[in-house]
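Visitor: Contents of entry_20.pdb (PDB, C-alpha atoms) are below:
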```
ATOM      1  CA  MET A 188      20.220 -84.511 133.603
ATOM      2  CA  ALA A 189      20.749 -81.352 135.487
ATOM      3  CA  ASP A 190      20.796 -79.333 132.289
ATOM      4  CA  GLU A 191      17.526 -80.744 131.026
ATOM      5  CA  PRO A 192      14.327 -78.868 131.934
ATOM      6  CA  SER A 193      11.750 -80.510 134.077
ATOM      7  CA  ASN A 194       8.371 -81.554 132.804
ATOM      8  CA  GLY A 195       6.766 -78.448 134.351
ATOM      9  CA  GLU A 196       9.284 -76.171 132.666
ATOM     10  CA  LEU A 197       8.731 -77.923 129.343
ATOM     11  CA  GLY A 198       4.995 -77.430 129.738
ATOM     12  CA  ARG A 199       5.470 -73.731 130.473
ATOM     13  CA  LEU A 200       7.870 -73.325 127.519
ATOM     14  CA  ILE A 201       5.442 -75.113 125.202
ATOM     15  CA  ALA A 202       2.546 -72.977 126.475
ATOM     16  CA  ALA A 203       4.617 -69.792 125.953
ATOM     17  CA  LEU A 204       5.562 -70.945 122.464
ATOM     18  CA  GLN A 205       1.927 -71.705 121.650
ATOM     19  CA  ALA A 206       0.890 -68.272 122.955
ATOM     20  CA  ARG A 207       3.517 -66.597 120.769
ATOM     21  CA  LEU A 208       2.431 -68.658 117.754
ATOM     22  CA  ASP A 209      -1.229 -67.848 118.428
ATOM     23  CA  ASN A 210      -0.315 -64.162 118.666
ATOM     24  CA  ARG A 211       1.664 -64.346 115.392
ATOM     25  CA  PHE A 212      -1.138 -66.224 113.651
ATOM     26  CA  GLY A 213      -3.585 -63.604 114.909
ATOM     27  CA  GLU A 214      -1.415 -60.845 113.427
ATOM     28  CA  LEU A 215      -1.087 -62.796 110.211
ATOM     29  CA  ASN A 216      -4.864 -63.319 110.003
ATOM     30  CA  SER A 217      -5.543 -59.631 110.616
ATOM     31  CA  ARG A 218      -3.055 -58.727 107.869
ATOM     32  CA  LEU A 219      -4.641 -61.235 105.514
ATOM     33  CA  ASP A 220      -8.065 -59.741 106.278
ATOM     34  CA  LYS A 221      -6.727 -56.306 105.385
ATOM     35  CA  VAL A 222      -5.091 -57.558 102.186
ATOM     36  CA  VAL A 223      -8.274 -59.300 101.100
ATOM     37  CA  SER A 224     -10.305 -56.203 101.879
ATOM     38  CA  LEU A 225      -7.828 -54.060  99.961
ATOM     39  CA  ASP A 226      -8.012 -56.435  96.981
ATOM     40  CA  VAL A 227     -11.798 -56.384  97.063
ATOM     41  CA  TYR A 228     -11.746 -52.584  97.338
ATOM     42  CA  THR A 229      -9.309 -52.336  94.418
ATOM     43  CA  ILE A 230     -11.441 -54.617  92.269
ATOM     44  CA  GLN A 231     -14.585 -52.703  93.163
ATOM     45  CA  THR A 232     -12.911 -49.355  92.477
ATOM     46  CA  THR A 233     -11.648 -50.615  89.127
ATOM     47  CA  TYR A 234     -15.141 -51.829  88.202
ATOM     48  CA  VAL A 235     -16.724 -48.525  89.231
ATOM     49  CA  ASP A 236     -14.119 -46.580  87.218
ATOM     50  CA  GLN A 237     -14.729 -48.754  84.160
ATOM     51  CA  ARG A 238     -18.489 -48.418  84.514
ATOM     52  CA  LEU A 239     -18.247 -44.632  84.905
ATOM     53  CA  SER A 240     -16.040 -44.465  81.837
ATOM     54  CA  GLN A 241     -18.549 -46.532  79.862
ATOM     55  CA  LEU A 242     -21.416 -44.343  81.053
ATOM     56  CA  GLN A 243     -19.531 -41.191  80.067
ATOM     57  CA  THR A 244     -18.938 -42.687  76.633
ATOM     58  CA  ASP A 245     -22.643 -43.568  76.360
ATOM     59  CA  ILE A 246     -23.657 -40.062  77.469
ATOM     60  CA  GLN A 247     -21.338 -38.489  74.891
ATOM     61  CA  GLN A 248     -22.748 -40.754  72.190
ATOM     62  CA  VAL A 249     -26.319 -39.816  73.138
ATOM     63  CA  ARG A 250     -25.373 -36.112  73.100
ATOM     64  CA  THR A 251     -23.864 -36.531  69.640
ATOM     65  CA  GLU A 252     -26.931 -38.371  68.381
ATOM     66  CA  THR A 253     -29.215 -35.732  69.895
ATOM     67  CA  ALA A 254     -27.235 -32.914  68.280
ATOM     68  CA  THR A 255     -27.375 -34.729  64.933
ATOM     69  CA  LEU A 256     -31.116 -35.231  65.291
ATOM     70  CA  GLU A 257     -31.636 -31.550  66.182
ATOM     71  CA  ASP A 258     -29.579 -30.521  63.144
ATOM     72  CA  ASP A 259     -31.609 -32.856  60.937
ATOM     73  CA  VAL A 260     -34.880 -31.412  62.268
ATOM     74  CA  GLU A 261     -33.667 -27.850  61.661
ATOM     75  CA  LYS A 262     -32.554 -28.785  58.125
ATOM     76  CA  TYR A 263     -35.939 -30.403  57.467
ATOM     77  CA  GLN A 264     -37.728 -27.280  58.699
ATOM     78  CA  ARG A 265     -35.581 -25.036  56.469
ATOM     79  CA  ASP A 266     -36.123 -27.316  53.467
ATOM     80  CA  GLU A 267     -39.855 -27.469  54.141
ATOM     81  CA  SER A 268     -40.012 -23.667  54.446
ATOM     82  CA  ARG A 269     -38.113 -23.297  51.161
ATOM     83  CA  ARG A 270     -40.411 -25.784  49.463
ATOM     84  CA  ARG A 271     -43.499 -23.932  50.673
ATOM     85  CA  GLU A 272     -42.082 -20.587  49.508
ATOM     86  CA  ASP A 273     -41.283 -22.044  46.077
ATOM     87  CA  GLU A 274     -44.778 -23.519  45.865
ATOM     88  CA  ARG A 275     -46.328 -20.164  46.837
ATOM     89  CA  GLN A 276     -44.294 -18.352  44.170
ATOM     90  CA  ARG A 277     -45.264 -20.948  41.549
ATOM     91  CA  ARG A 278     -48.956 -20.487  42.351
ATOM     92  CA  LEU A 279     -48.579 -16.724  42.296
ATOM     93  CA  TYR A 280     -46.908 -16.812  38.878
ATOM     94  CA  GLN A 281     -49.564 -19.229  37.616
ATOM     95  CA  ALA A 282     -52.232 -16.718  38.634
ATOM     96  CA  ILE A 283     -50.448 -13.494  37.563
ATOM     97  CA  ILE A 284     -49.112 -14.505  34.132
ATOM     98  CA  PRO A 285     -52.521 -15.303  32.592
ATOM     99  CA  VAL A 286     -53.907 -12.037  34.028
ATOM    100  CA  LEU A 287     -50.949 -10.066  32.612
ATOM    101  CA  LEU A 288     -51.378 -11.740  29.226
ATOM    102  CA  CYS A 289     -55.049 -10.832  29.291
ATOM    103  CA  VAL A 290     -54.266  -7.192  30.212
ATOM    104  CA  VAL A 291     -51.554  -6.961  27.537
ATOM    105  CA  SER A 292     -53.856  -8.551  24.933
ATOM    106  CA  SER A 293     -56.628  -6.139  25.888
ATOM    107  CA  ALA A 294     -54.274  -3.169  25.706
ATOM    108  CA  ILE A 295     -53.079  -4.276  22.251
ATOM    109  CA  ALA A 296     -56.667  -4.768  21.086
ATOM    110  CA  ILE A 297     -57.714  -1.345  22.408
ATOM    111  CA  TRP A 298     -54.666   0.293  20.827
ATOM    112  CA  ALA A 299     -55.399  -1.447  17.547
ATOM    113  CA  VAL A 300     -58.997  -0.116  17.598
ATOM    114  CA  ILE A 301     -57.937   3.416  18.537
ATOM    115  CA  SER A 302     -55.174   3.582  15.965
ATOM    116  CA  LYS A 303     -57.547   2.801  13.000
TER
END
```
Taking this structure as input, can you express it in the form of structure tokens?
Guide:
Amino acid sequence: MADEPSNGELGRLIAALQARLDNRFGELNSRLDKVVSLDVYTIQTTYVDQRLSQLQTDIQQVRTETATLEDDVEKYQRDESRRREDERQRRLYQAIIPVLLCVVSSAIAIWAVISK
């Protein structure tokens, strides 16, 4: 019985062991808190990166659509300008040709009278 610790010593040893375990559990909890925070941060960063990538894709698509729309508007304006110019020339020819025919007919009639 001399080698066995007394009740007081056992109590102190148990208290020291509990203190060490509490300390270890505290360290473990703080590490777990950091790991969880790191996981949450990683997930959040991944989500933000994915969202930014999606937004960049959307922005590029809108730019492409805007450029296409601007090209279509310019093409429409050129086509409309061409159509108006063609219409103006058609009207001009419709007005000039009868006048020229009249002048030519009159010149032929006058020449016919003078040549008799």
Visitor: Distance atom CA of Thr232 of chain A-atom CA of Ser217 of chain A, one decimal place?
Guide: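 Straight-line distance from atom CA of Thr232 of chain A to atom CA of Ser217 of chain A works out to 22.1 Å.
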Visitor: Quick one, how far is atom CA of Asp236 of chain A from atom CA of Thr251 of chain A?
Guide: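 Interatomic distance, atom CA of Asp236 of chain A to atom CA of Thr251 of chain A: 22.5 Å.
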Visitor: Just give me the gap between atom CA of Asp273 of chain A and atom CA of Glu257 of chain A in Å, one decimal is fine.
Guide: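 Taking atom CA of Asp273 of chain A and atom CA of Glu257 of chain A, their separation equals 24.2 Å.
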Visitor: Taking every listed atom of segment 259-277 of chain A and adding 8 Å to each side, what centre and edge lengths in Å (one decimal) does the axis-aligned box have, as JSON?
Guide:
```
{"center_x": -39.0, "center_y": -25.6, "center_z": 51.9, "size_x": 30.7, "size_y": 30.5, "size_z": 36.7}
```
